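Peer 1: One structure, pasted below without further comment.
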Amino acid sequence: MKTYMNRILRNFDYPLFIVYLLLCLFGLIMIYSASMVWAMNIYNFEPSHFFKKQLMNLAIAIPAFLLVSIIPYRHYRNKKFLYGTLIMMFTLLILVKFIGFGDAVGAKSWLSLPFGIGNLQPTEVAKIAFIVYFSGVFANKYYAGTLDEIKTTIFPTFSVLTASLLLVLLEPDFGATMILFLVAISVIMASGMKVKNYLIISRFFALLGVLIGIVLWIKWDTVMTASRMGRFLAFTDPFEYIQGSGLQIVNGYIAIGAGGLKGVGLGNSIQKLGYLPEPHTDVIMAVISEETGLLGTTLVLGGLFFIVMRAFTVALRTKDAHARMLAAGVGSLIAIQTLVNLGGLTGLIPLTGVTLPFISYGGTSVVFLSIALGILMNVSMFVKYERTK
């Protein structure tokens, strides 16, 4: 045990850990700045309410990161563990449909945990479950030489993919559906599957598209609520709908533009004073841009870019298929979620409510993204050990 811990300390990816901590710390500061007025005026809470809650979230997230980082990633190939992960994911996604509660746009996205512990967002669990399950299954098939078999590999795994995406879509959560789909693609591309099978895979995706279209047609009134339709209209031209659904995007533009190079200073944002709804959540980058300017925005995006590039570098350096898929999956998750968040804020895609990794307020998000980063840390340590032994 002592030898194992010494090896961990010797191969620990300290730059990755430091950047992760700095992002969490900066996010904590910006959550306090962005939420203090909203907490008092809207919720009648003390100014530091959301700051304290996020501090408690980080008190769980950081130890979770450290714990997961010392668990050898090869354990995630255990078949019982993989089946357990799959059962847990489907159980949560089904439960949230029946006993979950929602948000302003009608999505049932949350489960209330017992004993007043807090709330859980199953789609955040599903993001990690996707990476772990598909990486583990494909790795086992790769080592067994059956990765390219249609009946034993492609059909079963894509059936799981289709069923889980449809469950998330029925919440309905378009942002999470898109992220899960793209993360699954990244794991598939890193699996080493033969190119000829991509034609078969494309047919599965075409079928998935048809199924999604049928679900949307049948459940149109449930899925496309007035609020959600407003988001799509605002995406087409936010200034045309500035008196309604486009106001949030336009105020985001104003916040970004007002920041300039150095920003207006911490705590001095105007847009957080009621113009941006829930400014500490998915639109927190607008407040960051306004208060810290281009310099602060660049530092945040630079930190996230560093983590993503670290993940892809690890994936490219390792000769182990399982390690490659895990690293590529985690890197893709953080990259895609960041792009979806920024795309909604800047009007490139409709607003989805997706958080900015490690920065936005949200317990489930920061805890499970930290777990994902813990998996990446363990893979990174393995790669470093293999290259130096």
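Each chain of the structure tokens is named A, B, ... in the order shown, its residues numbered from 1; ligands are numbered from 1 in display order.
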Just the residues within 12 Å of Leu247 (chain A), please, counting only C-alpha atoms, with nothing from its chain fewer than 5 positions along; format it as a ChimeraX atom specification.
Peer 2: /A:230-231,233-235,237-242,252-254,271,274-277,345,347,351
Peer 1: Please report the interatomic distance between CA of Val132 (chain A) and CA of Leu207 (chain A) in Å with one decimal.
Peer 2: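 Going from CA of Val132 (chain A) over to CA of Leu207 (chain A) covers 24.3 Å.
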Peer 1: If you measure from CA of Ser360 (chain A) to CA of Val283 (chain A), what distance in Å do you get, rounded to one decimal?
Peer 2: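 These atoms are spaced 8.0 Å apart.
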Peer 1: Identify, on the basis of only C-alpha atoms, every residue whose closest approach to Leu169 (chain A) does not exceed 10 Å; exclude the query and any residue fewer than 4 positions from it along the same chain; express the result as a PyMOL selection string.
Peer 2: chain A and resi 107+163-165+173-178+212+215-216+223
Peer 1: Could you check the closest approach to Gly331 (chain A) for each of A:Ile349, A:Val264, A:Val37, A:Leu373 and tell me which residue wins, using only C-alpha atoms?
Peer 2: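 Result for the nearest residue to Gly331 (chain A): A:Leu373.
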Peer 1: Which residues are close to region 29-34 of chain A, i.e. within 12 Å by only C-alpha atoms, leaving aside same-chain residues fewer than 2 positions away? Reply as a compact mmCIF listing (two decimals) with C-alpha atoms, in the first residue's frame.
Peer 2:
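For reference, result_31.txt as written:
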```txt
# COMPACT_ATOMS: atom_id res chain seq x y z
CA LEU A 22 -8.04 27.34 -9.55
CA LEU A 23 -11.14 26.99 -11.74
CA CYS A 24 -13.22 25.83 -8.76
CA LEU A 25 -11.90 28.69 -6.60
CA PHE A 26 -12.52 31.31 -9.28
CA GLY A 27 -15.98 29.87 -9.88
CA MET A 36 -25.56 38.08 -3.91
CA VAL A 37 -28.15 40.56 -5.27
CA TRP A 38 -30.28 37.79 -6.76
CA ALA A 39 -30.22 35.87 -3.47
CA MET A 40 -31.47 38.91 -1.51
CA GLU A 46 -28.56 36.28 2.80
CA PRO A 47 -26.08 37.52 0.14
CA SER A 48 -23.69 34.60 0.68
CA HIS A 49 -26.38 31.88 0.42
CA PHE A 50 -25.32 30.40 -2.94
CA PHE A 51 -21.64 30.93 -2.11
CA LYS A 52 -21.99 28.81 1.03
CA LYS A 53 -23.94 26.10 -0.79
CA GLN A 54 -21.32 25.90 -3.52
CA LEU A 55 -18.61 25.77 -0.86
CA GLY A 265 -14.31 45.19 -11.42
CA LEU A 266 -15.44 42.35 -9.16
CA GLY A 267 -18.89 42.99 -7.74
CA ASN A 268 -19.65 45.87 -10.11
CA SER A 269 -21.72 44.10 -12.75
CA ILE A 270 -24.90 45.89 -13.79
CA GLN A 271 -26.50 43.00 -15.64
CA LYS A 272 -26.58 40.79 -12.54
CA LEU A 273 -28.92 43.29 -10.84
CA GLY A 274 -32.02 41.58 -12.23
CA TYR A 275 -31.37 41.81 -15.97
CA LEU A 276 -29.82 38.34 -16.23
CA PRO A 277 -32.01 35.66 -14.58
CA GLU A 278 -30.11 33.28 -12.27
CA PRO A 279 -26.78 34.94 -13.18
CA HIS A 280 -24.79 32.45 -11.07
CA THR A 281 -25.85 29.44 -13.15
CA ASP A 282 -25.56 28.84 -16.90
CA VAL A 283 -25.02 32.52 -17.83
CA ILE A 284 -22.24 33.16 -15.31
CA MET A 285 -19.73 33.74 -18.12
CA ALA A 286 -21.59 36.94 -18.99
CA VAL A 287 -20.95 38.25 -15.46
CA ILE A 288 -17.32 37.08 -15.64
CA SER A 289 -16.88 38.94 -18.94
CA GLU A 290 -18.46 42.10 -17.53
CA GLU A 291 -16.53 42.15 -14.25
CA THR A 292 -13.13 40.80 -15.34
CA GLY A 296 -10.63 37.12 -16.98
CA THR A 297 -12.60 35.39 -19.72
CA VAL A 300 -11.17 30.81 -17.55
CA LEU A 356 -20.01 26.01 -17.46
CA PHE A 358 -16.34 23.94 -12.56
CA ILE A 359 -17.51 27.58 -12.72
CA SER A 360 -21.33 27.65 -12.66
CA TYR A 361 -23.32 27.05 -9.49
CA GLY A 362 -24.57 23.48 -9.17
```
Peer 1: Give me, please, the distance in Å between CA of Ala59 (chain A) and CA of Pro72 (chain A), quoted to one decimal.
Peer 2: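 It comes out at 23.0 Å.
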Peer 1: Got a sec: who's within 9 Å of Asp148 (chain A), counting only C-alpha atoms, leaving out chain neighbours fewer than 6 positions off, as a ChimeraX atom specification?
Peer 2: /A:141-142,154,193-194,197
Peer 1: What lies within 10 Å of region 381-385 of chain A using only C-alpha atoms, ignoring chain neighbours under 4 positions off, as a list in words?
Peer 2: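 Answer for this query is Arg7, Ile8, Leu9, Arg10, Asn11, Phe12, Asp13, Ser69, Ile70, Pro72, Tyr73, Val314, Ala315, Arg317, Thr318, Lys319, Asp320, Ala323, Arg324, Leu376, Met377 and Lys389 of chain A.
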Peer 1: Any chance you can output those residues with C-alpha atoms as a PDB file, in the first residue's frame?
Peer 2:
```pdb
ATOM      1  CA  ARG A   7       3.870   5.812  -6.903  1.00  0.00           C
ATOM      2  CA  ILE A   8       0.727   7.965  -6.926  1.00  0.00           C
ATOM      3  CA  LEU A   9       2.554  10.941  -5.398  1.00  0.00           C
ATOM      4  CA  ARG A  10       5.430  10.513  -7.839  1.00  0.00           C
ATOM      5  CA  ASN A  11       3.190  10.324 -10.919  1.00  0.00           C
ATOM      6  CA  PHE A  12       0.416  12.689  -9.771  1.00  0.00           C
ATOM      7  CA  ASP A  13      -0.515  15.194 -12.486  1.00  0.00           C
ATOM      8  CA  SER A  69      -7.966   9.525  -8.811  1.00  0.00           C
ATOM      9  CA  ILE A  70      -6.376   6.731  -6.738  1.00  0.00           C
ATOM     10  CA  PRO A  72      -7.038   2.059 -10.792  1.00  0.00           C
ATOM     11  CA  TYR A  73      -9.109   2.675 -13.906  1.00  0.00           C
ATOM     12  CA  VAL A 314      -3.082  11.490 -22.465  1.00  0.00           C
ATOM     13  CA  ALA A 315      -5.378   9.671 -24.909  1.00  0.00           C
ATOM     14  CA  ARG A 317       0.146   8.915 -25.551  1.00  0.00           C
ATOM     15  CA  THR A 318      -1.298   5.746 -24.073  1.00  0.00           C
ATOM     16  CA  LYS A 319      -1.137   2.380 -25.806  1.00  0.00           C
ATOM     17  CA  ASP A 320      -3.957   1.028 -23.637  1.00  0.00           C
ATOM     18  CA  ALA A 323      -7.219   4.379 -20.999  1.00  0.00           C
ATOM     19  CA  ARG A 324      -7.514   6.027 -24.411  1.00  0.00           C
ATOM     20  CA  LEU A 376      -8.665  11.339 -16.076  1.00  0.00           C
ATOM     21  CA  MET A 377      -6.116  11.924 -13.299  1.00  0.00           C
ATOM     22  CA  LYS A 389       9.334   2.991 -15.592  1.00  0.00           C
TER      23      LYS A 389
END
```
Peer 1: I need the residues of region 82-223 of chain A that end up classed as alpha helix (DSSP H) by DSSP on the backbone, written out as a PyMOL selection string.
Peer 2: chain A and resi 82-99+122-144+155-169+174-190+197-218+220-223
Peer 1: Got a sec: who's within 7 Å of Gly303 (chain A), counting only C-alpha atoms, leaving out chain neighbours fewer than 4 positions off, as a ChimeraX atom specification?
Peer 2: /A:19,23,299,307
Peer 1: Restricting the calculation to only C-alpha atoms, which member of A:Met88, A:Leu339, A:Val96, A:Leu167 is positioned closest to Asn119 (chain A)?
Peer 2: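 Smallest separation from Asn119 (chain A) among the options: A:Val96.
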Peer 1: Which residue out of A:Ser370, A:Thr157, A:Thr146, A:Ser202 has the minimum interatomic distance to Leu333 (chain A) when only C-alpha atoms are used?
Peer 2: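 Using only C-alpha atoms, the shortest distance to Leu333 (chain A) belongs to A:Ser370.
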